[in-house]
Amino acid sequence: MAALFRGSRNLLQRCNKHVDQVLVSSRSMASKTPVGFIGLGNMGSPMAKNLLKHGYPVIATDVFPESCKELQDEGAQILDSPAEVADKADRIITMLPSSPNVIEVYTGPNGILRKVKKGTLLIDSSTIDPSVSKEMALAAEKMGAVFMDAPVSGGVGAASLAKLTFMVGGVEEEYTAAQELLTCMGANVVYCGQVGTGQAAKICNNMLLAIGMIGTAETMNLGIRLGLDPKLLAQILNMSSGRCWSSDSYNPVPGVMEGVPSGNNYQGGFGTTLMAKDLGLAQHTATNTKTPVPLGSLAHQIYRVMCARGYANKDFSSVFQFLREQEEEPEKKGD
C-alpha cells in the first residue's frame with residue numbers, strides 16, 4: 001500500500017508539473033499575439049525586425065510599398081493601410097516622420113481609428129508636438145483604445161541592435177503592457193508621466209544633441225585649422241571635460257571613427273531635415289512656455305539653413321562639412 005501511495009503521489013506531482021508548464025506556455029503564447037507596425041523607414045524597419053526576432057508576428061504597412069519588402073521577406077504580413085492593420089492587431093506601434101503624418105495615420109480616411117478595436121494599445125514612437133500626442137490620446141479614448149507616446153533616442157545603430165531608449169508618456173496602468181514590447185527594441189524604457197511627457201523629454205534631448213553636435217563640429221574644425229590631427233584631438237577631447245556623445249560615439253569628422261555617417265559621406269543616420277523639425281518643435285514649445293532657449297534657437301536656424309543648402313538628406317553630423325563650406329566661401333569671394 002505504501003509503495004502504491006508513493007507511486008500515485010509521484011504521478012500526481014508529474015501531472016501538476018505538466019499542468020504548470022502548459023499554463024506558463026499558454027501565457028507565453030498569449031503574449032505573442034500579432035503586433036501591428038506602421039512606418040518602416042530607417043528607424044521603423046529595424047524596430048519591427050527586432051519584434052520578429054523575439055517571436056512576435058508582425059502585421060505592417062508603409063506609405064512606400066518598397067519599404068515593406070525586406071520585412072516581408074523576414075516573415076511579416078504586409079497590408080495596404082493603417083486601418084487594415086488596426087483590424088488585425090490589438091497592439092500597434094507607429095514610427096512616423098512628423099505630426100501631420102501621425103494625424104493622417106491615426107485619424108485619416110484609412111487611419112487606425114477607422115477600424116481600431118476596443119482595448120487596443122496604440123504606441124507612437126514618432127517625435128512630434130506633445131499637443132498632437134494629447135489630441136491622438138483623446139481621439140483614441142473615444143474609440144475605446146489607449147494611446148501612449150514613446151519616442152526614442154539612439155539612432156539607426158541603436159535601433160538595429162535593440163539598444164534604443166524609449167521615453168513613455170501615458171496612463172501608468174498601461175505602462176507594463178507597453179514595456180513588454182518596447183524592451184524587445186530597446187535597452188532603456190523610462191516612464192515619464194502622462195501623455196505628452198515622453199515627447200517633452202525627447203524634444204529636450206534632441207535640442208541638447210543638436211547644440212552638442214554643432215559645438216563638437218566647431219571644435220574639431222578649429223583644432224584642424226590649428227594643425228592638430230583630428231584623431232588625436234578627438235582622443236584628447238574624449239579623455240577631457242569637453243567629452244560628449246557627439247565627440248566619442250558619433251564624431252562628425254570623416255575618418256575619425258568607423259561605423260558612423262561621417263565615415264560614409266554622411267549617408268544614413270539621423271537626417272538634417274528631421275533634426276530641423278525636432279528643433280522647430282523645441283522652439284514652438286519654448287515659445288508657448290516662455291522659456292528662453294538662445295542656443296536652441298541658433299541651432300534651429302543653422303539646421304534650417306543647412307536644409308536649404310543641400311544638406312537636407314544628409315545626417316545631422318554633416319554640420320561639420322557645412323562649417324567647412326562656410327569658411328571656403330569668403331576665400332572664393334576674395335579670389
# chains A, B, ... in the order shown; residues from 1 in each chain; ligands from 1
$ residues_around --residues "range 73-84 of chain A" --least-positions-apart "5" --cutoff "12 Å" --atoms "only C-alpha atoms" --output "VMD selection string"
chain A and resid 34 to 40 45 to 46 48 to 53 55 to 68 89 to 90 92 to 94 101 to 117 122
$ residues_around --residues "Gly154 in chain A" --least-positions-apart "3" --cutoff "9 Å" --atoms "only C-alpha atoms" --output "PyMOL selection string"
chain A and resi 157-159+163-165
$ select_by_dssp --residues "range 148-180 of chain A" --states "strand (DSSP E)" --output "list in words"
Met148, Asp149, Val152, Ser153, Leu164, Thr165, Phe166, Met167, Val168 and Gly169 of chain A
$ write_last_selection --atoms "N, CA and C atoms" --output "PDB file, in the first residue's frame"
ATOM      1  N   MET A 148      -0.373  55.835 -26.190  1.00  0.00           N
ATOM      2  CA  MET A 148       0.796  56.247 -25.404  1.00  0.00           C
ATOM      3  C   MET A 148       1.846  56.803 -26.348  1.00  0.00           C
ATOM      4  N   ASP A 149       2.529  57.865 -25.934  1.00  0.00           N
ATOM      5  CA  ASP A 149       3.658  58.364 -26.722  1.00  0.00           C
ATOM      6  C   ASP A 149       4.932  57.733 -26.171  1.00  0.00           C
ATOM      7  N   VAL A 152      11.864  57.773 -29.241  1.00  0.00           N
ATOM      8  CA  VAL A 152      13.103  57.038 -28.976  1.00  0.00           C
ATOM      9  C   VAL A 152      14.327  57.928 -29.142  1.00  0.00           C
ATOM     10  N   SER A 153      15.396  57.496 -28.512  1.00  0.00           N
ATOM     11  CA  SER A 153      16.709  58.102 -28.715  1.00  0.00           C
ATOM     12  C   SER A 153      17.703  56.977 -28.968  1.00  0.00           C
ATOM     13  N   LEU A 164      17.763  51.014 -28.138  1.00  0.00           N
ATOM     14  CA  LEU A 164      17.132  52.330 -28.065  1.00  0.00           C
ATOM     15  C   LEU A 164      16.752  52.680 -26.631  1.00  0.00           C
ATOM     16  N   THR A 165      16.568  53.970 -26.395  1.00  0.00           N
ATOM     17  CA  THR A 165      15.951  54.452 -25.154  1.00  0.00           C
ATOM     18  C   THR A 165      14.554  54.945 -25.504  1.00  0.00           C
ATOM     19  N   PHE A 166      13.546  54.423 -24.812  1.00  0.00           N
ATOM     20  CA  PHE A 166      12.162  54.852 -25.016  1.00  0.00           C
ATOM     21  C   PHE A 166      11.731  55.745 -23.856  1.00  0.00           C
ATOM     22  N   MET A 167      11.127  56.876 -24.189  1.00  0.00           N
ATOM     23  CA  MET A 167      10.583  57.801 -23.200  1.00  0.00           C
ATOM     24  C   MET A 167       9.062  57.739 -23.306  1.00  0.00           C
ATOM     25  N   VAL A 168       8.404  57.188 -22.303  1.00  0.00           N
ATOM     26  CA  VAL A 168       6.992  56.811 -22.421  1.00  0.00           C
ATOM     27  C   VAL A 168       6.083  57.748 -21.636  1.00  0.00           C
ATOM     28  N   GLY A 169       5.033  58.208 -22.316  1.00  0.00           N
ATOM     29  CA  GLY A 169       4.009  59.009 -21.659  1.00  0.00           C
ATOM     30  C   GLY A 169       2.646  58.378 -21.859  1.00  0.00           C
TER      31      GLY A 169
END
$ closest_residue --among "A:Lys118, A:His284, A:Arg243, A:His300" --to "Arg91 in chain A" --atoms "only C-alpha atoms"
A:Lys118
$ closest_residue --among "A:Val156, A:Leu71, A:Tyr175, A:Leu182" --to "Ser125 in chain A" --atoms "only C-alpha atoms"
A:Leu182
$ residues_around --residues "range 141-146 of chain A" --least-positions-apart "2" --cutoff "6 Å" --atoms "only C-alpha atoms" --output "list in words"
Lys118, Gly119, Thr120, Leu121, Leu122, Leu138 and Ala139 of chain A
$ atom_distance --atom1 "CA of Ser317 in chain A" --atom2 "CA of Gly296 in chain A"
16.1 Å
$ select_by_dssp --residues "range 55-156 of chain A" --states "helix (DSSP H, G or I)" --output "PyMOL selection string"
chain A and resi 65-73+82-88+99-107+112-115+130-142+155-156
$ write_last_selection --atoms "C-alpha atoms" --output "JSON list (two decimals), in the first residue's frame"
[["chain", "number", "residue", "atom", "x", "y", "z"],
["A", 65, "PRO", "CA", 5.50, 49.75, -50.62],
["A", 66, "GLU", "CA", 9.20, 49.23, -51.38],
["A", 67, "SER", "CA", 9.95, 49.83, -47.69],
["A", 68, "CYS", "CA", 7.90, 46.73, -46.82],
["A", 69, "LYS", "CA", 9.70, 44.14, -48.96],
["A", 70, "GLU", "CA", 12.64, 43.44, -46.65],
["A", 71, "LEU", "CA", 10.38, 42.99, -43.64],
["A", 72, "GLN", "CA", 8.03, 40.79, -45.66],
["A", 73, "ASP", "CA", 10.98, 38.59, -46.62],
["A", 82, "PRO", "CA", -3.27, 51.53, -41.21],
["A", 83, "ALA", "CA", -6.99, 50.74, -40.95],
["A", 84, "GLU", "CA", -6.36, 47.19, -42.15],
["A", 85, "VAL", "CA", -3.58, 46.78, -39.60],
["A", 86, "ALA", "CA", -5.92, 48.01, -36.84],
["A", 87, "ASP", "CA", -8.50, 45.43, -37.92],
["A", 88, "LYS", "CA", -5.96, 42.60, -37.43],
["A", 99, "SER", "CA", 2.95, 65.48, -36.59],
["A", 100, "PRO", "CA", 0.93, 65.68, -39.87],
["A", 101, "ASN", "CA", 1.90, 62.08, -40.68],
["A", 102, "VAL", "CA", 0.74, 60.92, -37.25],
["A", 103, "ILE", "CA", -2.58, 62.77, -37.57],
["A", 104, "GLU", "CA", -3.17, 61.21, -41.01],
["A", 105, "VAL", "CA", -2.24, 57.66, -39.94],
["A", 106, "TYR", "CA", -4.48, 57.79, -36.87],
["A", 107, "THR", "CA", -7.46, 59.89, -37.98],
["A", 112, "ILE", "CA", -6.08, 53.38, -37.44],
["A", 113, "LEU", "CA", -9.10, 54.83, -35.64],
["A", 114, "ARG", "CA", -11.41, 53.83, -38.51],
["A", 115, "LYS", "CA", -11.06, 50.16, -37.60],
["A", 130, "PRO", "CA", 3.29, 66.95, -27.35],
["A", 131, "SER", "CA", -0.05, 68.65, -28.04],
["A", 132, "VAL", "CA", -0.63, 66.32, -31.00],
["A", 133, "SER", "CA", 0.07, 63.30, -28.79],
["A", 134, "LYS", "CA", -2.60, 64.58, -26.40],
["A", 135, "GLU", "CA", -5.06, 65.05, -29.29],
["A", 136, "MET", "CA", -4.46, 61.49, -30.52],
["A", 137, "ALA", "CA", -4.91, 60.14, -26.99],
["A", 138, "LEU", "CA", -8.31, 61.82, -26.71],
["A", 139, "ALA", "CA", -9.37, 60.56, -30.16],
["A", 140, "ALA", "CA", -8.26, 57.02, -29.27],
["A", 141, "GLU", "CA", -10.07, 57.16, -25.92],
["A", 142, "LYS", "CA", -13.35, 57.97, -27.70],
["A", 155, "GLY", "CA", 19.56, 56.45, -33.85],
["A", 156, "VAL", "CA", 19.60, 53.77, -36.53]]
$ closest_residue --among "A:Thr33, A:Ser240, A:Ser318, A:Asn206" --to "Gly268 in chain A" --atoms "only C-alpha atoms"
A:Ser318
$ closest_residue --among "A:Ile214, A:Leu161, A:Val171, A:Ala234" --to "Gly198 in chain A" --atoms "only C-alpha atoms"
A:Val171
$ closest_residue --among "A:Arg324, A:Lys32, A:His54, A:Lys277" --to "Leu222 in chain A" --atoms "only C-alpha atoms"
A:Arg324
